[in-house]
>>> print(open('final.txt').read())   # compact mmCIF, C-alpha atoms
# COMPACT_ATOMS: atom_id res chain seq x y z
CA MET A 1 3.31 -20.96 18.56
CA ALA A 2 3.21 -17.45 17.10
CA MET A 3 2.50 -17.10 13.42
CA GLU A 4 5.45 -15.99 11.29
CA ILE A 5 5.59 -14.52 7.81
CA CYS A 6 6.41 -17.18 5.23
CA TRP A 7 8.72 -15.18 3.01
CA LEU A 8 9.42 -16.52 -0.47
CA ASP A 9 12.71 -15.88 -2.24
CA ASN A 10 11.45 -16.63 -5.75
CA LEU A 11 9.72 -13.68 -7.39
CA ALA A 12 8.44 -15.64 -10.39
CA LYS A 13 6.81 -18.19 -8.09
CA ALA A 14 5.30 -15.38 -6.03
CA GLN A 15 3.85 -13.74 -9.14
CA GLU A 16 2.34 -17.07 -10.22
CA THR A 17 0.72 -17.45 -6.79
CA ALA A 18 -0.41 -13.81 -6.88
CA ARG A 19 -2.18 -14.46 -10.18
CA LYS A 20 -3.93 -17.57 -8.85
CA THR A 21 -5.03 -15.93 -5.59
CA ASN A 22 -5.66 -12.38 -6.89
CA LYS A 23 -3.37 -10.94 -4.25
CA PRO A 24 -0.58 -8.40 -4.69
CA VAL A 25 3.06 -9.29 -4.07
CA LEU A 26 4.81 -7.64 -1.12
CA LEU A 27 8.49 -7.32 -1.94
CA ASP A 28 10.75 -6.45 0.99
CA PHE A 29 14.40 -5.47 0.59
CA TYR A 30 16.47 -5.50 3.75
CA ASN A 31 20.01 -5.31 5.01
CA PRO A 32 20.65 -8.15 7.49
CA GLN A 33 23.54 -6.27 9.17
CA MET B 1 11.59 -4.20 10.55
CA GLY B 2 12.85 -7.76 10.91
CA THR B 3 13.40 -7.44 14.65
CA VAL B 4 10.51 -5.16 15.67
CA THR B 5 7.67 -5.06 13.15
CA TYR B 6 7.53 -8.33 11.19
CA PRO B 7 7.68 -10.61 14.29
CA GLN B 8 4.43 -9.09 15.61
CA GLU B 9 1.72 -11.70 15.15
CA ARG B 10 -0.89 -9.22 13.96
CA VAL B 11 1.54 -8.03 11.28
CA ALA B 12 2.33 -11.59 10.18
CA LYS B 13 -1.36 -12.49 9.99
CA PHE B 14 -2.16 -9.33 8.02
CA ILE B 15 0.63 -9.90 5.51
CA GLN B 16 -0.13 -13.60 5.00
CA LEU B 17 -3.82 -12.84 4.50
CA ASN B 18 -3.39 -9.94 2.09
CA PHE B 19 -0.13 -10.47 0.18
CA ILE B 20 2.28 -12.96 -1.33
CA PRO B 21 5.41 -11.98 0.63
CA VAL B 22 8.86 -12.06 -0.94
CA GLN B 23 12.09 -10.96 0.71
CA PHE B 24 15.53 -10.19 -0.71
CA GLN B 25 18.71 -9.19 1.07
CA THR B 26 20.80 -6.28 -0.20
CA SER B 27 23.34 -8.87 -1.31
CA ASN B 28 20.96 -9.84 -4.14
CA LYS B 29 22.43 -7.30 -6.54
CA ALA B 30 20.34 -8.49 -9.49
CA MET B 31 17.08 -7.73 -7.71
CA MET B 32 18.44 -4.53 -6.16
CA GLU B 33 19.28 -3.31 -9.67
CA LYS B 34 16.08 -4.62 -11.27
CA PHE B 35 13.95 -2.55 -8.88
CA ALA B 36 16.40 0.38 -8.52
CA ILE B 37 16.76 -0.05 -4.75
CA SER B 38 19.25 2.40 -3.24
CA TRP B 39 18.26 2.31 0.43
CA THR B 40 16.73 -0.17 2.85
CA PRO B 41 14.35 -1.09 4.21
CA THR B 42 12.30 -0.66 1.03
CA ILE B 43 8.94 -2.28 0.44
CA LEU B 44 7.27 -2.60 -2.94
CA VAL B 45 3.81 -3.78 -3.84
CA LEU B 46 3.64 -5.47 -7.23
CA ASP B 47 0.92 -7.08 -9.29
CA ALA B 48 1.10 -10.55 -10.79
CA ASP B 49 2.86 -9.11 -13.87
CA GLY B 50 5.55 -7.50 -11.73
CA ARG B 51 4.29 -3.95 -12.19
CA GLU B 52 4.96 -1.68 -9.22
CA HIS B 53 1.98 -0.02 -7.50
CA TYR B 54 3.55 1.20 -4.28
CA ARG B 55 6.97 1.94 -2.85
CA GLY B 56 7.85 2.79 0.75
CA VAL B 57 11.29 3.47 2.21
CA GLY B 58 12.29 3.43 5.87
CA PHE B 59 11.09 1.89 9.11
CA TYR B 60 7.42 1.35 9.95
CA THR B 61 5.90 0.55 13.34
CA PRO B 62 3.46 -2.38 13.30
CA ASP B 63 0.37 -0.16 13.13
CA ASP B 64 1.90 2.14 10.51
CA LEU B 65 2.97 -0.82 8.40
CA ILE B 66 -0.51 -2.36 8.42
CA ALA B 67 -2.16 0.96 7.56
CA THR B 68 0.43 1.64 4.84
CA LEU B 69 0.17 -1.82 3.29
CA LEU B 70 -3.61 -1.73 3.37
CA THR B 71 -3.49 1.57 1.49
CA ALA B 72 -0.96 0.06 -0.91
CA LYS B 73 -3.30 -2.86 -1.52
CA GLY B 74 -6.05 -0.35 -2.24
CA ARG B 75 -3.84 1.31 -4.83
CA TRP B 76 -3.11 -2.08 -6.39
CA ALA B 77 -6.87 -2.72 -6.57
CA LEU B 78 -7.49 0.75 -8.02
CA ASP B 79 -4.75 0.38 -10.63
CA THR B 80 -5.99 -3.07 -11.64
CA ASP B 81 -9.57 -1.82 -12.03
CA GLN B 82 -10.99 -3.65 -9.01
CA LEU B 83 -12.79 -0.49 -8.05
CA ALA B 84 -15.30 -1.79 -5.50
CA ASP B 85 -12.50 -3.56 -3.64
CA ALA B 86 -10.33 -0.44 -3.76
CA ARG B 87 -13.16 1.66 -2.36
CA ALA B 88 -13.78 -0.80 0.50
CA ILE B 89 -10.08 -0.95 1.35
CA PHE B 90 -9.66 2.83 1.43
CA GLU B 91 -12.78 3.16 3.59
CA GLU B 92 -11.31 0.61 6.00
CA VAL B 93 -8.06 2.57 6.30
CA ILE B 94 -9.94 5.81 6.91
CA SER B 95 -12.20 4.32 9.58
CA CYS B 96 -9.73 1.98 11.32
CA TYR B 97 -6.43 3.86 11.05
CA THR B 98 -7.66 7.43 11.52
CA ALA B 99 -4.43 8.78 12.98
CA SER B 100 -2.05 7.13 10.54
CA ASN B 101 -0.18 8.88 7.75
CA ALA B 102 -1.85 6.43 5.41
CA ALA B 103 -5.32 7.80 6.17
CA ALA B 104 -4.69 10.98 4.17
CA GLU B 105 -3.51 8.95 1.19
CA ALA B 106 -6.56 6.69 1.54
CA ILE B 107 -8.88 9.72 1.49
CA PHE B 108 -7.19 10.95 -1.70
CA PHE B 109 -7.50 7.62 -3.50
CA LEU B 110 -11.01 6.95 -2.20
CA GLY B 111 -12.02 10.04 -4.15
CA ALA B 112 -10.29 8.62 -7.22
CA ALA B 113 -12.04 5.26 -6.82
CA LYS B 114 -15.45 6.90 -6.41
CA TYR B 115 -14.87 9.07 -9.47
CA LYS B 116 -13.79 6.09 -11.57
CA MET B 117 -16.90 4.18 -10.46
CA THR B 118 -19.40 6.98 -11.16
CA HIS B 119 -17.65 9.59 -13.37
CA ASP B 120 -19.20 12.10 -11.00
CA PRO B 121 -16.63 14.76 -9.96
CA LYS B 122 -18.37 15.57 -6.65
CA PRO B 123 -16.37 12.98 -4.68
CA LEU B 124 -13.20 14.76 -5.76
CA ARG B 125 -14.44 18.02 -4.30
CA GLU B 126 -15.36 16.13 -1.11
CA THR B 127 -11.84 14.66 -1.10
CA TYR B 128 -10.36 18.17 -1.13
CA GLU B 129 -12.63 19.30 1.69
CA GLU B 130 -11.96 16.25 3.86
CA LEU B 131 -8.19 16.49 3.40
CA LYS B 132 -8.24 20.23 4.08
CA ALA B 133 -10.18 19.62 7.31
CA LYS B 134 -8.35 16.55 8.62
CA PHE B 135 -4.85 16.62 7.08
CA PRO B 136 -4.23 20.22 5.95
CA GLN B 137 -0.43 19.84 6.08
CA SER B 138 -0.26 16.56 4.20
CA ILE B 139 1.10 16.20 0.70
CA TRP B 140 -2.26 14.68 -0.24
CA ALA B 141 -4.11 17.88 0.68
CA LYS B 142 -1.78 19.75 -1.67
CA GLN B 143 -2.22 17.10 -4.37
CA ALA B 144 -6.00 17.50 -4.09
CA ASP B 145 -5.95 21.30 -4.03
CA HIS B 146 -7.17 21.70 -7.61
CA TYR B 147 -10.34 19.77 -6.76
CA ARG B 148 -11.54 22.91 -4.95
CA LEU B 149 -12.36 24.27 -8.41
CA ILE B 150 -15.04 21.60 -8.86
CA ASN B 151 -18.53 22.93 -8.16
CA LYS B 152 -20.38 21.44 -5.21
>>> encode(input="final.txt", output="structure tokens")
Amino acid sequence: MAMEICWLDNLAKAQETARKTNKPVLLDFYNPQ
Amino acid sequence: MGTVTYPQERVAKFIQLNFIPVQFQTSNKAMMEKFAISWTPTILVLDADGREHYRGVGFYTPDDLIATLLTAKGRWALDTDQLADARAIFEEVISCYTASNAAAEAIFFLGAAKYKMTHDPKPLRETYEELKAKFPQSIWAKQADHYRLINK
């Protein structure tokens, strides 16, 4: 099964994880239509 | 991006390895306003405190997205004083994504990382010369133009 991106929808949680892992946050804004 | 670029496995692997990915639809007006988003797709690279280090607008092919995000990660590392990491990332972009738009930006910021590591201005002069030779029409060549005044 192909790997998919596990997008979060909680920025605060992402920032907390970014701090623990020393990774940057990628924030993607998109229009689903 | 959602139908062409993000489903590519190499893109998904790259993003999961290098970033904490977050996605918001345009219907999330609070976040659209918070980050002053007026057009999509828009990608931002933030640090753990929410400070913005990179912004890109428009569609990216898989290869362009990886090269762009790697350069963006380099800028995050540079801005957060992880200079050795920044240098290694920019060198990877320059060697692995030679033809990408991101390579010119990586050359520019590699010079900045080297200068910040050594306080020797020679890498800035080398940045100017490399951009002039490889990407003479790029915005980064223009941005580096004043480095030509630095003595060899």
>>> residues_around(input="final.txt", residues="Lys152 of chain B", least_positions_apart="5", cutoff="12 Å", atoms="only C-alpha atoms", output="ChimeraX atom specification")
/B:120-129,147
>>> interface_residues(input="final.txt", of="chain B", to="chain A", cutoff="6 Å", atoms="only C-alpha atoms", output="PDB file with C-alpha atoms, keeping the file's coordinate frame")
ATOM      1  CA  GLU B   9       1.720 -11.700  15.150  1.00  0.00           C
ATOM      2  CA  ALA B  12       2.330 -11.590  10.180  1.00  0.00           C
ATOM      3  CA  PHE B  19      -0.130 -10.470   0.180  1.00  0.00           C
ATOM      4  CA  ILE B  20       2.280 -12.960  -1.330  1.00  0.00           C
ATOM      5  CA  PRO B  21       5.410 -11.980   0.630  1.00  0.00           C
ATOM      6  CA  VAL B  22       8.860 -12.060  -0.940  1.00  0.00           C
ATOM      7  CA  GLN B  23      12.090 -10.960   0.710  1.00  0.00           C
ATOM      8  CA  PHE B  24      15.530 -10.190  -0.710  1.00  0.00           C
ATOM      9  CA  GLN B  25      18.710  -9.190   1.070  1.00  0.00           C
ATOM     10  CA  THR B  26      20.800  -6.280  -0.200  1.00  0.00           C
ATOM     11  CA  THR B  40      16.730  -0.170   2.850  1.00  0.00           C
ATOM     12  CA  PRO B  41      14.350  -1.090   4.210  1.00  0.00           C
ATOM     13  CA  THR B  42      12.300  -0.660   1.030  1.00  0.00           C
ATOM     14  CA  ILE B  43       8.940  -2.280   0.440  1.00  0.00           C
ATOM     15  CA  LEU B  44       7.270  -2.600  -2.940  1.00  0.00           C
ATOM     16  CA  VAL B  45       3.810  -3.780  -3.840  1.00  0.00           C
ATOM     17  CA  LEU B  46       3.640  -5.470  -7.230  1.00  0.00           C
ATOM     18  CA  ASP B  47       0.920  -7.080  -9.290  1.00  0.00           C
ATOM     19  CA  ALA B  48       1.100 -10.550 -10.790  1.00  0.00           C
TER      20      ALA B  48
END
>>> closest_residue(input="final.txt", among="B:Ala104, B:Leu70, B:Met32, B:Ala113", to="Ile139 of chain B", atoms="all atoms listed in the file")
B:Ala104
>>> residues_around(input="final.txt", residues="Glu105 of chain B", least_positions_apart="5", cutoff="10 Å", atoms="all atoms listed in the file", output="JSON, numbers by chain")
{"B": [68, 71, 72, 75, 90, 93, 94, 100, 110, 131, 135, 138, 139, 140, 141, 143]}
>>> closest_residue(input="final.txt", among="B:Asn101, B:Gln137, B:Ile89, B:Ile66", to="Val11 of chain B", atoms="only C-alpha atoms")
B:Ile66
>>> atom_distance(input="final.txt", atom1="atom CA of Tyr97 of chain B", atom2="atom CA of Asp63 of chain B")
8.2 Å
>>> build_atoms(input="final.txt", residues="segment 4-18 of chain A", atoms="N, CA and C atoms", output="PDB file, keeping the file's coordinate frame")
ATOM      1  N   GLU A   4       4.363 -16.751  11.911  1.00  0.00           N
ATOM      2  CA  GLU A   4       5.450 -15.990  11.290  1.00  0.00           C
ATOM      3  C   GLU A   4       5.157 -15.796   9.815  1.00  0.00           C
ATOM      4  N   ILE A   5       5.754 -14.767   9.243  1.00  0.00           N
ATOM      5  CA  ILE A   5       5.590 -14.520   7.810  1.00  0.00           C
ATOM      6  C   ILE A   5       6.380 -15.565   7.037  1.00  0.00           C
ATOM      7  N   CYS A   6       5.742 -16.173   6.067  1.00  0.00           N
ATOM      8  CA  CYS A   6       6.410 -17.180   5.230  1.00  0.00           C
ATOM      9  C   CYS A   6       6.943 -16.488   3.974  1.00  0.00           C
ATOM     10  N   TRP A   7       8.129 -15.925   4.116  1.00  0.00           N
ATOM     11  CA  TRP A   7       8.720 -15.180   3.010  1.00  0.00           C
ATOM     12  C   TRP A   7       9.185 -16.123   1.906  1.00  0.00           C
ATOM     13  N   LEU A   8       8.873 -15.791   0.673  1.00  0.00           N
ATOM     14  CA  LEU A   8       9.420 -16.520  -0.470  1.00  0.00           C
ATOM     15  C   LEU A   8      10.691 -15.815  -0.928  1.00  0.00           C
ATOM     16  N   ASP A   9      11.532 -16.526  -1.657  1.00  0.00           N
ATOM     17  CA  ASP A   9      12.710 -15.880  -2.240  1.00  0.00           C
ATOM     18  C   ASP A   9      12.730 -16.053  -3.761  1.00  0.00           C
ATOM     19  N   ASN A  10      11.568 -16.407  -4.307  1.00  0.00           N
ATOM     20  CA  ASN A  10      11.450 -16.630  -5.750  1.00  0.00           C
ATOM     21  C   ASN A  10      10.337 -15.738  -6.274  1.00  0.00           C
ATOM     22  N   LEU A  11      10.718 -14.659  -6.951  1.00  0.00           N
ATOM     23  CA  LEU A  11       9.720 -13.680  -7.390  1.00  0.00           C
ATOM     24  C   LEU A  11       8.775 -14.254  -8.442  1.00  0.00           C
ATOM     25  N   ALA A  12       9.293 -15.052  -9.346  1.00  0.00           N
ATOM     26  CA  ALA A  12       8.440 -15.640 -10.390  1.00  0.00           C
ATOM     27  C   ALA A  12       7.367 -16.532  -9.767  1.00  0.00           C
ATOM     28  N   LYS A  13       7.770 -17.328  -8.798  1.00  0.00           N
ATOM     29  CA  LYS A  13       6.810 -18.190  -8.090  1.00  0.00           C
ATOM     30  C   LYS A  13       5.764 -17.341  -7.359  1.00  0.00           C
ATOM     31  N   ALA A  14       6.222 -16.271  -6.746  1.00  0.00           N
ATOM     32  CA  ALA A  14       5.300 -15.380  -6.030  1.00  0.00           C
ATOM     33  C   ALA A  14       4.290 -14.762  -6.994  1.00  0.00           C
ATOM     34  N   GLN A  15       4.753 -14.345  -8.167  1.00  0.00           N
ATOM     35  CA  GLN A  15       3.850 -13.740  -9.140  1.00  0.00           C
ATOM     36  C   GLN A  15       2.820 -14.768  -9.629  1.00  0.00           C
ATOM     37  N   GLU A  16       3.264 -16.001  -9.804  1.00  0.00           N
ATOM     38  CA  GLU A  16       2.340 -17.070 -10.220  1.00  0.00           C
ATOM     39  C   GLU A  16       1.261 -17.271  -9.145  1.00  0.00           C
ATOM     40  N   THR A  17       1.680 -17.293  -7.894  1.00  0.00           N
ATOM     41  CA  THR A  17       0.720 -17.450  -6.790  1.00  0.00           C
ATOM     42  C   THR A  17      -0.186 -16.230  -6.688  1.00  0.00           C
ATOM     43  N   ALA A  18       0.381 -15.049  -6.920  1.00  0.00           N
ATOM     44  CA  ALA A  18      -0.410 -13.810  -6.880  1.00  0.00           C
ATOM     45  C   ALA A  18      -1.518 -13.855  -7.936  1.00  0.00           C
TER      46      ALA A  18
END
